[in-house]
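Data first, discussion second: the structure below is written as structure tokens.
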2 protein chains.
Amino acid sequence: MQNKNISVAVIKRLPRYYRYLGELLAHDVVRISSKELSEKMGVTASQIRQDLNNFGGFGQQGYGYQVEYLYTEIGKILGLDRKNRLIIIGAGNLGMALANSMSFEKRGFEFAGIFDVDPKVVGKNVRNHTVLHIDGLEQFLNENPVDIAALTVPKAQAPQLAALLVKCGVNAIWNFTPTDLNLPPHVVQENVHLTESLMRLSYKKRAAEEEA
Amino acid sequence: MQNKNISVAVIKRLPRYYRYLGELLAHDVVRISSKELSEKMGVTASQIRQDLNNFGGFGQQGYGYQVEYLYTEIGKILGLDRKNRLIIIGAGNLGMALANSMSFEKRGFEFAGIFDVDPKVVGKNVRNHTVLHIDGLEQFLNENPVDIAALTVPKAQAPQLAALLVKCGVNAIWNFTPTDLNLPPHVVQENVHLTESLMRLSYKKRAAEEEA
């Protein structure tokens, strides 16, 4: 599966297609037309055809997409066919929410450990994992390489912890801290800036009220 | 302040500008050039000039942006100059993480209540608010109108709770459930689909490994 020519915009939309295709598969849907899928997803049929024709799985006109084939191929593009071991740095409410989320495991992400500095949470049990002290992180990573680290610590601690993770071979950081991490080029990051998301909602609300 | 001609792409980037301008302001920076700001933010100076010239605040060449003016104007565009009362539906780990986040209040969002169905959490105290039973939501909203509701409940409960919120006059939903809500046109939503974010990170990691 080549993805050299797939645009960033299409890639951004893939997880949503993957989610809808997964729901269809769970309901034993074998094929779906771009028209039906467009009604479900609230995007135009022509957008769907443009996006999904990047991945094949489109039979003759009027036949529709093969749901399982497309689901599998998009999963490969997203790297979901591999084992993705994930640790969580920060066992506050947000870190605990991530640790308790079953939905990641359905996508093949394996919860491999959780770390904190707070003596009140170190030693607690979460989904068969004990919250470990951050002082043991380096040794843990030497013995148990992981693919992804979620960072849910206060902003002030984020840069040094990100540097430690990178030093220990973690090449993908899921950054929940309200700051942009300055990482080496081989390390990828995905930011979840919740306050920015809330500001976008506030903008939409204000704009909708002015239009009304 | 007119925003009719500002593109969606610029609007999406505004919260990030707002964050950086707020940090500069906190460090008593009065003016900043597009070049300096571009180095901080990791985007080109020409992108910054294109984006921020939508909002004025640009003096003569070589003078730079007036930090406080731009911060205030962007805040108005984002609706942060008004009171935004926010309730949280779902007092699991994620709902509790949102309730405990001070960073929203710095942006003028007021935490106004939190609701759940679970007898184990109803009655608990969070930042001077008692977790209330969801059965009291309708009466609460009649007596205490709110601007925004964060929805952090299981996917299966999301549609009916969203409908109840809309019925009670909530016009902005911050949706953390892994589903797209079907809302009337006057209601705005902002989705935080964490599993999709994790898939995008997984994609970036796979793509980076193939390039290496």
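Order determines the names: the first chain of the structure tokens is A, the second B, and so forth; residues in each chain are numbered 1 upward, and ligands are numbered 1 upward as they are shown.
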Exercise: Pro178 (chain B) partners within 9 Å, only C-alpha atoms, chain neighbours under 2 positions left out, as a list in words: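 Final neighbour list, sorted by chain and number: Arg19 and Ser103 of chain A; Pro154, Lys155, Asn175, Phe176, Asp180, Asn191, Val192, His193, Leu194, Thr195 and Glu196 of chain B.
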Considering only C-alpha atoms, tabulate each residue of chain A that lies at most 6 Å from chain B along with its nearest interatomic pair and the corresponding distance in Å to one decimal; arrange the rows by chain and ascending residue number and present them as JSON lines.
{"residue": "A:Pro15", "atom": "CA", "partner": "B:Glu196", "partner_atom": "CA", "distance": 5.1}
{"residue": "A:Leu78", "atom": "CA", "partner": "B:Tyr203", "partner_atom": "CA", "distance": 4.2}
{"residue": "A:Gly79", "atom": "CA", "partner": "B:Tyr203", "partner_atom": "CA", "distance": 5.5}
{"residue": "A:Asn93", "atom": "CA", "partner": "B:Ala97", "partner_atom": "CA", "distance": 4.6}
{"residue": "A:Leu94", "atom": "CA", "partner": "B:Ala97", "partner_atom": "CA", "distance": 5.2}
{"residue": "A:Ala97", "atom": "CA", "partner": "B:Asn93", "partner_atom": "CA", "distance": 4.6}
{"residue": "A:Glu190", "atom": "CA", "partner": "B:Leu201", "partner_atom": "CA", "distance": 5.5}
{"residue": "A:Glu196", "atom": "CA", "partner": "B:Pro15", "partner_atom": "CA", "distance": 5.2}
{"residue": "A:Leu201", "atom": "CA", "partner": "B:Glu190", "partner_atom": "CA", "distance": 5.5}
{"residue": "A:Ser202", "atom": "CA", "partner": "B:Gly79", "partner_atom": "CA", "distance": 5.6}
{"residue": "A:Tyr203", "atom": "CA", "partner": "B:Leu78", "partner_atom": "CA", "distance": 4.2}
{"residue": "A:Arg206", "atom": "CA", "partner": "B:Gly79", "partner_atom": "CA", "distance": 5.7}
Selected residues written out with N, CA, C and O atoms, as a CSV table (one decimal), in the first residue's frame:
chain,number,residue,atom,x,y,z
A,15,PRO,N,-9.2,8.7,10.0
A,15,PRO,CA,-9.7,8.1,11.2
A,15,PRO,C,-11.2,8.1,11.2
A,15,PRO,O,-11.9,7.2,11.8
A,78,LEU,N,-3.0,3.7,8.6
A,78,LEU,CA,-3.0,4.3,9.9
A,78,LEU,C,-2.0,3.6,10.9
A,78,LEU,O,-1.9,4.0,12.0
A,79,GLY,N,-1.4,2.5,10.4
A,79,GLY,CA,-0.5,1.8,11.3
A,79,GLY,C,-1.1,0.9,12.3
A,79,GLY,O,-0.5,0.5,13.3
A,93,ASN,N,-6.4,13.0,36.7
A,93,ASN,CA,-7.7,12.6,36.1
A,93,ASN,C,-7.6,12.3,34.6
A,93,ASN,O,-8.2,11.3,34.1
A,94,LEU,N,-6.9,13.1,33.9
A,94,LEU,CA,-6.8,12.9,32.4
A,94,LEU,C,-6.0,11.6,32.1
A,94,LEU,O,-6.5,10.8,31.3
A,97,ALA,N,-8.2,8.8,32.9
A,97,ALA,CA,-9.2,8.6,31.9
A,97,ALA,C,-8.7,7.9,30.7
A,97,ALA,O,-9.4,7.0,30.1
A,190,GLU,N,1.4,14.5,18.3
A,190,GLU,CA,0.0,14.8,18.0
A,190,GLU,C,-0.4,15.6,19.2
A,190,GLU,O,-0.4,15.1,20.3
A,196,GLU,N,-7.7,25.2,23.5
A,196,GLU,CA,-7.8,25.7,22.1
A,196,GLU,C,-9.1,25.1,21.5
A,196,GLU,O,-9.8,25.9,20.8
A,201,LEU,N,-14.9,26.3,19.9
A,201,LEU,CA,-16.3,26.2,20.2
A,201,LEU,C,-16.9,27.5,20.5
A,201,LEU,O,-18.0,27.9,20.0
A,202,SER,N,-16.2,28.3,21.4
A,202,SER,CA,-16.7,29.6,21.8
A,202,SER,C,-16.8,30.5,20.5
A,202,SER,O,-17.8,31.3,20.3
A,203,TYR,N,-15.8,30.4,19.6
A,203,TYR,CA,-15.9,31.2,18.4
A,203,TYR,C,-17.1,30.8,17.6
A,203,TYR,O,-17.8,31.7,17.1
A,206,ARG,N,-20.3,32.3,19.1
A,206,ARG,CA,-20.4,33.7,18.9
A,206,ARG,C,-20.8,34.0,17.4
A,206,ARG,O,-21.7,34.8,17.1
Selected residue, from A:Val153, A:Val146, A:Leu137, A:Ala162, that lies nearest to Ala91 (chain A) when counting only C-alpha atoms: A:Val153
So that I can check the secondary structure, give me every residue of region 12-139 of chain B assigned helix (DSSP H, G or I) by backbone DSSP, as a PyMOL selection string. chain B and resi 12-26+34-41+45-55+67-77+93-99+103-106+134-139
Would you mind reading off the distance between CA of Lys35 (chain A) and CA of Glu68 (chain A), one decimal, in Å?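 Between these atoms lies a distance of 17.7 Å.
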Write out as number ranges by chain all residues of region 20-210 of chain A that DSSP puts in strand (DSSP E) for this structure's backbone. A: 31-32, 65-66, 84-89, 109-116, 125-126, 129-130, 132-133, 148-151, 172-175, 188-191
Those residues you just picked out, can you put them in a file as a tab-separated table (two decimals), in the first residue's frame with N, CA and C atoms?
chain	number	residue	atom	x	y	z
A	31	ARG	N	-21.21	-4.14	1.67
A	31	ARG	CA	-20.93	-3.10	0.68
A	31	ARG	C	-21.73	-1.86	1.02
A	32	ILE	N	-21.20	-0.70	0.62
A	32	ILE	CA	-21.96	0.54	0.79
A	32	ILE	C	-21.64	1.48	-0.36
A	65	TYR	N	-18.63	0.34	-2.24
A	65	TYR	CA	-17.35	0.01	-1.62
A	65	TYR	C	-17.46	-1.30	-0.87
A	66	GLN	N	-16.36	-2.06	-0.89
A	66	GLN	CA	-16.29	-3.26	-0.07
A	66	GLN	C	-15.83	-2.82	1.32
A	84	ASN	N	0.98	-1.40	18.91
A	84	ASN	CA	1.37	-0.07	19.39
A	84	ASN	C	1.29	-0.06	20.91
A	85	ARG	N	2.45	-0.17	21.54
A	85	ARG	CA	2.49	-0.15	23.01
A	85	ARG	C	2.54	1.29	23.51
A	86	LEU	N	1.66	1.61	24.44
A	86	LEU	CA	1.48	3.00	24.87
A	86	LEU	C	1.65	3.13	26.37
A	87	ILE	N	2.44	4.11	26.80
A	87	ILE	CA	2.49	4.43	28.23
A	87	ILE	C	1.91	5.82	28.44
A	88	ILE	N	1.52	6.07	29.69
A	88	ILE	CA	0.93	7.36	30.04
A	88	ILE	C	1.79	8.01	31.11
A	89	ILE	N	2.22	9.25	30.85
A	89	ILE	CA	3.03	9.98	31.83
A	89	ILE	C	2.10	11.00	32.47
A	109	PHE	N	-4.14	-0.56	20.35
A	109	PHE	CA	-3.16	0.12	21.20
A	109	PHE	C	-3.14	-0.59	22.54
A	110	GLU	N	-1.93	-0.98	22.97
A	110	GLU	CA	-1.81	-1.74	24.21
A	110	GLU	C	-1.34	-0.83	25.35
A	111	PHE	N	-2.12	-0.76	26.40
A	111	PHE	CA	-1.76	0.05	27.58
A	111	PHE	C	-0.64	-0.66	28.33
A	112	ALA	N	0.56	-0.03	28.34
A	112	ALA	CA	1.74	-0.74	28.82
A	112	ALA	C	2.31	-0.18	30.12
A	113	GLY	N	1.72	0.91	30.64
A	113	GLY	CA	2.26	1.43	31.90
A	113	GLY	C	1.82	2.87	32.14
A	114	ILE	N	1.89	3.28	33.41
A	114	ILE	CA	1.49	4.65	33.76
A	114	ILE	C	2.40	5.15	34.89
A	115	PHE	N	2.80	6.40	34.81
A	115	PHE	CA	3.81	6.96	35.71
A	115	PHE	C	3.36	8.29	36.28
A	116	ASP	N	3.82	8.56	37.51
A	116	ASP	CA	3.53	9.86	38.13
A	116	ASP	C	4.60	10.14	39.19
A	125	ASN	N	-3.71	1.01	41.54
A	125	ASN	CA	-3.86	0.05	40.46
A	125	ASN	C	-4.85	0.57	39.41
A	126	VAL	N	-4.46	0.49	38.15
A	126	VAL	CA	-5.33	0.91	37.04
A	126	VAL	C	-5.30	-0.15	35.95
A	129	HIS	N	-2.44	-2.42	35.95
A	129	HIS	CA	-1.12	-1.80	36.00
A	129	HIS	C	-1.01	-0.96	37.27
A	130	THR	N	0.14	-1.05	37.93
A	130	THR	CA	0.39	-0.21	39.10
A	130	THR	C	0.99	1.10	38.62
A	132	LEU	N	3.53	3.68	38.49
A	132	LEU	CA	4.93	3.64	38.89
A	132	LEU	C	5.46	5.06	39.08
A	133	HIS	N	6.51	5.17	39.90
A	133	HIS	CA	7.13	6.49	40.07
A	133	HIS	C	7.95	6.83	38.83
A	148	ILE	N	4.53	4.63	21.89
A	148	ILE	CA	3.86	5.92	22.06
A	148	ILE	C	3.81	6.27	23.54
A	149	ALA	N	4.04	7.55	23.86
A	149	ALA	CA	3.83	8.03	25.22
A	149	ALA	C	2.82	9.17	25.20
A	150	ALA	N	1.80	9.05	26.03
A	150	ALA	CA	0.84	10.15	26.22
A	150	ALA	C	1.37	11.01	27.36
A	151	LEU	N	1.43	12.32	27.15
A	151	LEU	CA	1.99	13.23	28.14
A	151	LEU	C	0.85	14.07	28.72
A	172	ALA	N	7.13	8.74	19.41
A	172	ALA	CA	5.81	9.32	19.15
A	172	ALA	C	5.22	9.81	20.46
A	173	ILE	N	4.89	11.09	20.51
A	173	ILE	CA	4.36	11.68	21.75
A	173	ILE	C	2.98	12.26	21.52
A	174	TRP	N	2.04	11.78	22.34
A	174	TRP	CA	0.65	12.26	22.30
A	174	TRP	C	0.57	13.32	23.38
A	175	ASN	N	0.62	14.58	22.96
A	175	ASN	CA	0.85	15.69	23.87
A	175	ASN	C	-0.44	16.38	24.31
A	188	VAL	N	7.63	12.11	16.19
A	188	VAL	CA	6.36	12.70	15.77
A	188	VAL	C	5.52	13.05	17.01
A	189	GLN	N	4.68	14.06	16.87
A	189	GLN	CA	3.79	14.40	17.98
A	189	GLN	C	2.39	14.71	17.44
A	190	GLU	N	1.43	14.46	18.28
A	190	GLU	CA	0.04	14.84	17.98
A	190	GLU	C	-0.44	15.58	19.22
A	191	ASN	N	-0.91	16.80	19.01
A	191	ASN	CA	-1.31	17.63	20.13
A	191	ASN	C	-2.81	17.56	20.37
How many Å separate CA of Ser46 (chain B) from CA of Leu21 (chain B)?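 Value for the CA of Ser46 (chain B)-CA of Leu21 (chain B) distance: 17.3 Å.
In this model, the gap between CA of Asn53 (chain B) and CA of Ile74 (chain B) comes to 11.6 Å.
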